[in-house]
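A quick write-up on the structure given underneath.
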Amino acid sequence: MPSPPVLKIPALQPLTGGIGANMTRVQASVVTVTTGTAQGSGFFVTPTLVLTNHHVARNAARLRVTLINGMEVFATILRSDAKRDVALLQVESGTFTPLPLRHTPVVLTEEVYAVGSPLYESLAGTVTRGIVSQHQRDEYGLELIQADVTIQPGSSGGPLLDNQGNVVGISLAGLTDGTDHLVGINFFVPIIDALRQLDIALQ
């Protein structure tokens with residue numbers, strides 16, 4: 001099957017001034033994505049496009065997208081890549097504030113933050129902090145960011161941010177021990193690679 005044409009989206013001016021000062025904007029851009037009884041997270045990359053995980057979207061015909069203020073809109077899958085586990089959603093109505101996407105990779109020990117809806121939709125907008133622990137590759141040889149930022153089921157698809165609030169990755173999964181306790185090893189898809197796999201270019 002031929003690749004879809006490259007989708008060009010605007011490269012937004014990076015956030016500055018510290019993530020604390022920008023958190024209200026960040027939380028307004030991060031959403032809960034629901035398909036039936038399953039729930040994950042996502043975030044706006046343009047006023048009408050949401051980035052999330054493929055395993056969150058689950059090939060659903062229609063998804064519910066809920067903002068932190070409780071507003072709900074519906075979306076459909078525009079593009080998806082199962083191997084890279086990323087998906088792009090198109091909302092059916094409204095325009096919303098997108099997050100800037102960082103062009104440069106994160107470095108070891110860099111401070112990073114995750115925002116999402118861990119476990120329950122009522123916990124939407126939860127923020128956790130950590131550092132970049134390592135650069136890894138998955139079973140397909142694709143890049144992963146390893147960090148000790150806590151993420152839970154439901155966090156998947158939410159943004160990983162630098163200390164200004166710019167997106168550097170997408171929450172993917174966390175390792176657990178034999179009793180399902182998290183062990184501080186969590187994985188994130190680098191944002192630039194996610195865009196590449198979905199044939200999205202910043203302009």
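Chain lettering (A, B, ...) mirrors the order of the structure tokens, residue numbering begins at 1 for each chain separately, and ligand numbering begins at 1 in order of display.
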Counting only C-alpha atoms, which residues in region 74-162 of chain A sit no more than 9 Å from region 39-62 of chain A? For each one, give the nearest pair of atoms and the distance in Å, sorted by chain then residue number, as a tab-separated table.
```
residue	atom	partner	partner_atom	distance
A:Phe74	CA	A:Arg62	CA	6.7
A:Ala75	CA	A:Arg62	CA	5.8
A:Thr76	CA	A:Arg62	CA	5.0
A:Ile77	CA	A:Ala61	CA	7.4
A:Leu78	CA	A:Leu49	CA	8.7
A:Ser80	CA	A:His54	CA	6.1
A:Asp81	CA	A:His54	CA	6.4
A:Ala82	CA	A:His54	CA	5.7
A:Lys83	CA	A:His54	CA	8.6
A:Arg84	CA	A:His54	CA	8.1
A:Asp85	CA	A:His54	CA	4.6
A:Val86	CA	A:Asn53	CA	4.1
A:Ala87	CA	A:His54	CA	4.9
A:Leu88	CA	A:Leu51	CA	4.7
A:Leu89	CA	A:Val50	CA	4.9
A:Gln90	CA	A:Leu49	CA	4.9
A:Val91	CA	A:Thr48	CA	5.5
A:Glu92	CA	A:Thr48	CA	8.0
A:Ser93	CA	A:Thr48	CA	7.8
A:Gly94	CA	A:Thr48	CA	7.1
A:Thr95	CA	A:Pro47	CA	4.7
A:Phe96	CA	A:Pro47	CA	4.4
A:Thr97	CA	A:Pro47	CA	5.6
A:Pro98	CA	A:Phe44	CA	4.5
A:Leu99	CA	A:Val45	CA	5.6
A:Pro100	CA	A:Val45	CA	7.2
A:Leu101	CA	A:Val45	CA	7.7
A:Val115	CA	A:Ser41	CA	8.6
A:Gly116	CA	A:Ser41	CA	5.5
A:Ser117	CA	A:Ser41	CA	5.9
A:Pro118	CA	A:Gly40	CA	7.8
A:Leu119	CA	A:Gln39	CA	8.3
A:Tyr120	CA	A:Gln39	CA	7.9
A:Glu121	CA	A:Gln39	CA	7.6
A:Ala124	CA	A:Ser41	CA	8.5
A:Pro153	CA	A:Gly40	CA	7.4
A:Gly154	CA	A:Gly40	CA	4.2
A:Ser155	CA	A:Ser41	CA	5.6
A:Ser156	CA	A:Gly40	CA	5.4
A:Gly157	CA	A:Thr52	CA	4.0
A:Gly158	CA	A:Gly42	CA	4.5
A:Pro159	CA	A:Phe43	CA	6.7
```
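In terms of minimum interatomic distance to Met71 (chain A), A:Thr32 ranks closest within A:Thr32, A:Gln13, A:Thr109, A:Thr37, counting only C-alpha atoms.
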Item checked: Within 12 Å of Leu161 (chain A) using only C-alpha atoms, minus same-chain residues under 2 positions, as an MDAnalysis selection string -> chainID A and resid 14:15 18:20 22:23 26:27 30 43 99:102 105:106 110:116 127:132 145 147 149 158:159 163:171 188:191
Notebook entry, point to check: Quick one: distance from CA of Thr104 (chain A) to CA of Gln146 (chain A) in Å, one decimal?
Noted result: 16.2 Å
Next item on the list: Taking the chain letters and numbering used in this document, name the residues of region 44-142 of chain A that DSSP puts in alpha helix (DSSP H), as a PyMOL selection string.
Entry: chain A and resi 54-57
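Checking A:Gln203, A:Gln136, A:Thr66, A:Thr150 one by one against Ser29 (chain A), counting only C-alpha atoms, you find the shortest gap at A:Thr66.
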Checklist line | Which of chain A DSSP labels strand (DSSP E or B), written as a PyMOL selection string | finding: chain A and resi 7-9+30-35+38-44+49-52+63-66+72-81+86-91+101+111-116+126-137+143-147+159-161+167-176+182-190+200-202
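Of the residues listed (A:Leu172, A:Asp148, A:Ala201, A:Asn186), A:Ala201 shows the shortest atom-to-atom separation from Ile9 (chain A); distances use only C-alpha atoms.
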Note to self: Please compute the CA of Leu67 (chain A)-CA of Thr126 (chain A) distance, one decimal, in Å.
What the structure shows: 12.8 Å
